[in-house]
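Visitor: To be precise about what I am sending: the file is called structure-v3.txt and holds compact mmCIF, C-alpha atoms.
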```txt
# COMPACT_ATOMS: atom_id res chain seq x y z
CA MET N 1 55.22 -10.75 1.69
CA ASN N 2 53.92 -13.91 3.38
CA VAL N 3 54.59 -17.22 1.69
CA SER N 4 53.49 -20.73 2.59
CA ALA N 5 55.96 -23.48 3.46
CA ASN N 6 55.46 -24.99 0.02
CA ASP N 7 56.16 -21.67 -1.70
CA ALA N 8 59.29 -21.20 0.38
CA LYS N 9 60.58 -24.55 -0.84
CA ASN N 10 59.80 -23.77 -4.47
CA PRO N 11 62.47 -21.44 -5.90
CA MET N 12 60.27 -20.85 -8.97
CA SER N 13 57.35 -19.54 -6.94
CA LEU N 14 56.01 -16.21 -8.18
CA LYS N 15 53.50 -15.85 -5.36
CA GLY N 16 52.54 -12.23 -4.81
CA ARG N 17 54.50 -10.97 -7.81
CA THR N 18 53.09 -9.14 -10.81
CA ILE N 19 54.56 -9.59 -14.26
CA VAL N 20 53.92 -7.46 -17.34
CA VAL N 21 53.68 -9.74 -20.39
CA THR N 22 53.53 -8.26 -23.88
CA GLY N 23 52.06 -10.19 -26.78
CA ALA N 24 49.99 -12.03 -24.18
CA GLY N 25 46.97 -12.69 -26.38
CA GLN N 26 48.32 -15.84 -27.99
CA GLY N 27 51.27 -18.19 -28.35
CA ILE N 28 54.26 -17.85 -26.04
CA GLY N 29 52.84 -14.79 -24.25
CA PHE N 30 49.59 -16.58 -23.45
CA ALA N 31 51.48 -19.64 -22.18
CA VAL N 32 53.80 -17.49 -20.05
CA SER N 33 50.83 -15.65 -18.55
CA ARG N 34 49.17 -18.94 -17.66
CA MET N 35 52.31 -20.30 -16.00
CA VAL N 36 52.89 -17.06 -14.06
CA THR N 37 49.46 -17.44 -12.46
CA GLU N 38 50.02 -21.17 -11.87
CA LEU N 39 53.15 -20.19 -9.94
CA GLY N 40 51.13 -17.76 -7.83
CA GLY N 41 51.69 -14.49 -9.67
CA ASN N 42 49.54 -11.88 -11.37
CA VAL N 43 49.73 -10.70 -14.98
CA VAL N 44 49.45 -7.33 -16.67
CA ALA N 45 48.79 -8.40 -20.25
CA ILE N 46 49.36 -6.21 -23.32
CA ASP N 47 48.41 -7.12 -26.88
CA MET N 48 46.68 -5.80 -30.00
CA ASN N 49 44.54 -8.96 -29.92
CA GLU N 50 41.57 -7.98 -27.74
CA GLU N 51 39.79 -11.30 -28.24
CA GLY N 52 42.88 -13.19 -27.08
CA LEU N 53 43.23 -10.99 -24.00
CA LYS N 54 39.58 -11.50 -23.07
CA HIS N 55 40.08 -15.24 -23.40
CA LEU N 56 43.15 -14.97 -21.16
CA GLU N 57 41.17 -13.08 -18.53
CA THR N 58 38.33 -15.60 -18.67
CA GLU N 59 40.69 -18.54 -18.27
CA LEU N 60 42.91 -17.11 -15.55
CA GLY N 61 40.38 -14.92 -13.71
CA ASP N 62 39.94 -11.17 -13.62
CA ASP N 63 41.41 -11.14 -10.11
CA ARG N 64 44.74 -12.34 -11.54
CA VAL N 65 44.82 -10.47 -14.85
CA ALA N 66 44.67 -6.83 -15.93
CA PHE N 67 44.71 -6.47 -19.70
CA TYR N 68 45.40 -3.54 -21.99
CA VAL N 69 44.64 -3.51 -25.71
CA GLY N 70 47.18 -1.64 -27.80
CA SER N 71 50.67 -1.53 -29.22
CA VAL N 72 53.92 -1.73 -27.28
CA THR N 73 55.12 1.09 -29.54
CA ASP N 74 52.67 3.45 -27.80
CA PRO N 75 54.40 4.91 -24.70
CA ASP N 76 51.11 6.20 -23.27
CA LEU N 77 49.46 2.78 -23.54
CA VAL N 78 52.45 1.10 -21.92
CA GLN N 79 52.55 3.61 -19.09
CA SER N 80 48.81 3.17 -18.53
CA ALA N 81 49.36 -0.58 -18.25
CA VAL N 82 52.13 -0.13 -15.69
CA ASN N 83 50.07 2.37 -13.69
CA GLY N 84 47.00 0.14 -13.87
CA GLY N 85 48.97 -2.91 -12.78
CA VAL N 86 50.35 -1.05 -9.78
CA GLU N 87 46.89 0.21 -8.87
CA LYS N 88 45.32 -3.25 -9.08
CA PHE N 89 48.10 -5.44 -7.69
CA GLY N 90 50.26 -3.04 -5.67
CA SER N 91 53.50 -3.23 -7.65
CA ILE N 92 55.23 -4.57 -10.75
CA ASN N 93 57.97 -7.16 -10.22
CA GLY N 94 58.86 -8.29 -13.73
CA LEU N 95 58.51 -7.87 -17.45
CA VAL N 96 58.45 -10.26 -20.42
CA ASN N 97 59.13 -8.47 -23.71
CA ASN N 98 57.45 -10.96 -26.04
CA ALA N 99 55.36 -8.91 -28.50
CA GLY N 100 56.40 -9.45 -32.09
CA ILE N 101 55.43 -9.47 -35.75
CA THR N 102 56.99 -10.69 -38.99
CA ARG N 103 57.16 -8.98 -42.37
CA PRO N 104 59.18 -11.46 -44.49
CA SER N 105 60.97 -10.33 -47.62
CA MET N 106 64.33 -10.91 -49.24
CA MET N 107 66.72 -8.10 -48.35
CA LEU N 108 66.96 -6.69 -51.89
CA LYS N 109 63.17 -6.39 -52.09
CA MET N 110 62.39 -5.37 -48.52
CA THR N 111 60.73 -1.99 -48.17
CA LEU N 112 61.67 0.51 -45.50
CA GLU N 113 58.15 0.14 -44.14
CA GLN N 114 58.64 -3.61 -43.66
CA TRP N 115 61.95 -2.95 -41.93
CA ASN N 116 60.54 -0.27 -39.64
CA GLN N 117 57.39 -2.20 -38.70
CA VAL N 118 59.38 -5.12 -37.33
CA LEU N 119 62.05 -3.02 -35.62
CA ASP N 120 59.40 -0.79 -34.04
CA VAL N 121 57.50 -3.65 -32.41
CA HIS N 122 60.38 -5.92 -31.44
CA LEU N 123 63.04 -3.39 -30.52
CA THR N 124 61.48 0.01 -29.87
CA GLY N 125 58.62 -1.72 -28.07
CA THR N 126 61.12 -3.56 -25.90
CA PHE N 127 62.82 -0.27 -25.01
CA ILE N 128 59.53 1.50 -24.20
CA CYS N 129 58.29 -1.33 -21.97
CA THR N 130 61.65 -1.85 -20.27
CA GLN N 131 62.02 1.83 -19.51
CA ALA N 132 58.50 2.14 -18.08
CA VAL N 133 58.75 -0.95 -15.88
CA ALA N 134 62.33 -0.21 -14.82
CA LYS N 135 61.44 3.32 -13.69
CA HIS N 136 58.78 1.88 -11.40
CA MET N 137 61.08 -0.81 -9.99
CA VAL N 138 64.04 1.55 -9.51
CA ALA N 139 61.83 4.01 -7.61
CA ARG N 140 60.79 1.20 -5.28
CA ALA N 141 64.39 0.12 -4.79
CA LYS N 142 65.46 3.68 -3.99
CA ALA N 143 62.64 3.83 -1.45
CA GLY N 144 64.30 0.98 0.40
CA GLU N 145 62.22 -1.98 -0.75
CA ASP N 146 63.90 -5.39 -0.95
CA LEU N 147 63.25 -5.58 -4.68
CA LYS N 148 63.73 -8.72 -6.74
CA GLY N 149 63.04 -7.46 -10.25
CA SER N 150 63.45 -9.44 -13.45
CA ILE N 151 63.22 -8.55 -17.14
CA VAL N 152 63.14 -11.23 -19.82
CA ASN N 153 63.48 -10.40 -23.51
CA ILE N 154 62.25 -12.98 -25.99
CA SER N 155 64.73 -13.51 -28.80
CA SER N 156 65.36 -16.18 -31.41
CA ASP N 157 68.09 -18.27 -33.00
CA ALA N 158 67.66 -15.84 -35.89
CA GLY N 159 69.23 -13.15 -33.73
CA VAL N 160 72.52 -15.02 -33.44
CA GLN N 161 72.77 -16.89 -36.73
CA GLY N 162 70.63 -14.91 -39.17
CA THR N 163 67.85 -16.15 -41.41
CA ILE N 164 67.01 -15.85 -45.08
CA GLY N 165 64.16 -13.51 -45.95
CA GLN N 166 63.92 -11.84 -42.54
CA ILE N 167 66.83 -9.45 -42.09
CA ASN N 168 64.45 -7.16 -40.19
CA TYR N 169 63.47 -9.92 -37.72
CA SER N 170 67.04 -11.18 -37.26
CA SER N 171 68.30 -7.65 -36.61
CA ALA N 172 65.54 -6.98 -34.10
CA LYS N 173 66.16 -10.23 -32.24
CA ALA N 174 69.89 -9.52 -32.08
CA GLY N 175 69.00 -6.13 -30.67
CA ALA N 176 66.84 -7.72 -27.97
CA ILE N 177 69.90 -9.61 -26.73
CA GLY N 178 71.98 -6.43 -26.60
CA ALA N 179 69.17 -4.55 -24.87
CA ALA N 180 68.99 -7.19 -22.14
CA MET N 181 72.75 -7.06 -21.53
CA SER N 182 72.76 -3.27 -21.32
CA SER N 183 69.74 -3.34 -18.99
CA ALA N 184 71.48 -5.93 -16.82
CA ARG N 185 74.52 -3.70 -16.39
CA GLU N 186 72.54 -0.53 -15.65
CA LEU N 187 69.99 -2.08 -13.29
CA ALA N 188 72.08 -4.56 -11.31
CA LYS N 189 72.69 -2.08 -8.47
CA TYR N 190 68.94 -2.01 -7.88
CA ASN N 191 68.74 -5.83 -7.73
CA ILE N 192 66.97 -5.95 -11.10
CA ARG N 193 68.10 -8.71 -13.44
CA ALA N 194 67.72 -8.79 -17.24
CA ASN N 195 68.14 -11.84 -19.48
CA THR N 196 67.10 -13.21 -22.85
CA VAL N 197 65.54 -16.48 -23.92
CA SER N 198 66.26 -17.42 -27.54
CA PHE N 199 63.81 -19.87 -29.07
CA GLY N 200 64.03 -22.04 -32.13
CA MET N 201 60.68 -23.05 -33.62
CA VAL N 202 57.68 -22.84 -31.28
CA GLU N 203 54.20 -23.95 -32.32
CA THR N 204 52.55 -20.53 -32.55
CA PRO N 205 50.50 -18.72 -35.21
CA MET N 206 53.63 -16.75 -36.20
CA THR N 207 55.47 -19.92 -37.29
CA GLU N 208 52.64 -21.64 -39.19
CA VAL N 209 54.18 -21.07 -42.63
CA ILE N 210 57.61 -22.43 -41.72
CA ARG N 211 56.04 -25.41 -39.97
CA GLY N 212 53.98 -26.15 -43.09
CA GLU N 213 54.61 -28.94 -45.56
CA LYS N 214 56.90 -26.84 -47.80
CA PHE N 215 59.54 -26.10 -45.16
CA ARG N 216 58.84 -28.63 -42.37
CA ASP N 217 61.38 -31.34 -43.21
CA THR N 218 64.19 -28.88 -43.92
CA TYR N 219 63.83 -27.14 -40.57
CA LEU N 220 63.20 -30.26 -38.49
CA ALA N 221 66.37 -31.82 -39.89
CA LYS N 222 68.33 -29.13 -38.02
CA VAL N 223 66.65 -29.80 -34.65
CA ALA N 224 68.39 -32.41 -32.51
CA LEU N 225 65.15 -33.28 -30.66
CA ALA N 226 63.39 -33.55 -34.06
CA ARG N 227 60.21 -31.73 -33.05
CA TRP N 228 58.82 -28.25 -32.51
CA SER N 229 58.56 -26.70 -29.07
CA LEU N 230 55.14 -26.39 -27.48
CA PRO N 231 54.23 -22.94 -26.10
CA GLU N 232 53.99 -24.50 -22.64
CA GLU N 233 57.61 -25.65 -22.92
CA ALA N 234 58.63 -22.16 -24.00
CA ALA N 235 57.01 -20.68 -20.89
CA SER N 236 59.13 -22.68 -18.46
CA PRO N 237 62.55 -21.07 -19.10
CA VAL N 238 60.94 -17.63 -19.10
CA CYS N 239 59.35 -18.20 -15.71
CA PHE N 240 62.61 -19.68 -14.44
CA LEU N 241 64.37 -16.40 -15.24
CA LEU N 242 61.57 -14.42 -13.60
CA SER N 243 61.91 -16.40 -10.39
CA ASP N 244 64.35 -16.63 -7.49
CA ALA N 245 65.65 -19.85 -9.03
CA ALA N 246 67.65 -17.53 -11.32
CA SER N 247 68.58 -15.00 -8.63
CA TYR N 248 72.26 -14.93 -9.64
CA ILE N 249 71.70 -14.94 -13.39
CA THR N 250 71.74 -11.67 -15.30
CA GLY N 251 72.90 -10.45 -18.69
CA GLN N 252 72.69 -13.96 -20.13
CA ARG N 253 71.10 -15.61 -23.17
CA LEU N 254 69.36 -18.92 -22.55
CA SER N 255 68.81 -21.00 -25.70
CA ALA N 256 65.66 -23.13 -25.69
CA ASN N 257 65.74 -24.49 -29.22
CA GLY N 258 65.76 -28.29 -29.05
CA GLY N 259 69.40 -28.33 -30.13
CA SER N 260 68.92 -26.51 -33.42
CA GLN N 261 71.77 -24.16 -32.55
CA MET N 262 74.55 -25.17 -30.16
CA SER N 263 77.52 -23.28 -28.74
CA LEU N 264 79.96 -23.36 -25.85
```
As structure tokens, please, write out the structure in this file.
Guide:
Amino acid sequence: MNVSANDAKNPMSLKGRTIVVTGAGQGIGFAVSRMVTELGGNVVAIDMNEEGLKHLETELGDDRVAFYVGSVTDPDLVQSAVNGGVEKFGSINGLVNNAGITRPSMMLKMTLEQWNQVLDVHLTGTFICTQAVAKHMVARAKAGEDLKGSIVNISSDAGVQGTIGQINYSSAKAGAIGAAMSSARELAKYNIRANTVSFGMVETPMTEVIRGEKFRDTYLAKVALARWSLPEEAASPVCFLLSDAASYITGQRLSANGGSQMSL
């Protein structure tokens, strides 16, 4: 892969790399996709939101984006996206497991359907996508390629401290952290890294209710920086972990939460 002098000096350059981003039609996924292309990479975008994916393609260019409409819980759709990305861009170099939904309910009233819906998208979807992308990258590594693969799971403070009314979401986000650590251990010998970014409150459609007047002051009081994160800010640590700037980081959880949850 040829890189310019400027790219060689930029450890966060993604020039020539292709990243699969799930939940790319809006919010964090959209912002990550935009930053990947700004850093020189290509995006294979997956989402149920066809309108959002078309907007992504229009903004970033159809030469930099291949999009697939469907659910990350559908193994055939995910495999088609991986195959299509390889066909269009030559290879897959990374994955961002970002797709997610919420089905809030207090634990004693939560239905099994609400539980399963959230676990299926956040956790089973993460497994399906990780397995599909990892199989491609491992095959390349076994063929002798100098692979620099990276997987980033999107988690949340809820996955390490719990949250009221979303035991399904908290459990799924805790699982995403465990999945990244297991992936890191299994894939390290192929030079594939796996990490997690845990966010606090990001300004996305999914957090509109909590950011509303009823809950705003209560939640902001817990944030040291006293403001919500912008999606663009959320994209930066994800792209950092995708890049060579994080070449010796694997199996870790990076908290990007404005100081709402601190630990050693």
Visitor: Report as a list in words all protein, DNA and RNA residues lying within 7 Å of stretch 158-172 of chain N, evaluated on only C-alpha atoms, omitting residues in the same chain fewer than 2 positions from it.
Guide: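 Contacts, in chain order: Thr102, Pro104, Ser105, Met106, Met107, Trp115, Val118, Leu119, His122, Leu123, Ser155, Ser156, Ala174, Gly175 and Ala176 of chain N.
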Visitor: Considering only C-alpha atoms, state which residue in the set N:Val78, N:Ala184, N:Ala141, N:Val152 is at the smallest distance from N:Ala45.
Guide: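 The shortest atom-to-atom distance to N:Ala45 comes from N:Val78.
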Visitor: List as a list of chain:residue names: which residues have an atom within 10 Å of (60.6, -0.1, -22.1), counting all atoms listed in the file?
Guide: N:Val72, N:Thr73, N:Pro75, N:Val78, N:Gln79, N:Leu95, N:Asn97, N:Leu123, N:Thr124, N:Gly125, N:Thr126, N:Phe127, N:Ile128, N:Cys129, N:Thr130, N:Gln131, N:Ala132, N:Val133, N:Ala134, N:Lys135
Visitor: Got a sec: who's within 10 Å of N:Asp63, counting only C-alpha atoms, leaving out chain neighbours fewer than 6 positions off, as an MDAnalysis selection string?
Guide: chainID N and resid 42:43 57 88:89
Visitor: With distances taken over only C-alpha atoms, which of N:Ser71, N:Asn191, N:Ser236, N:Thr22 is nearest to N:Asn153?
Guide: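 Of the candidates, the smallest distance to N:Asn153 is held by N:Thr22.
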Visitor: Show which residues sit within 7 Å of N:Ile28, as a list in words. Count all atoms listed in the file, and ignore same-chain residues fewer than 5 positions away.
Guide: Pro231, Ala234 and Ala235 of chain N
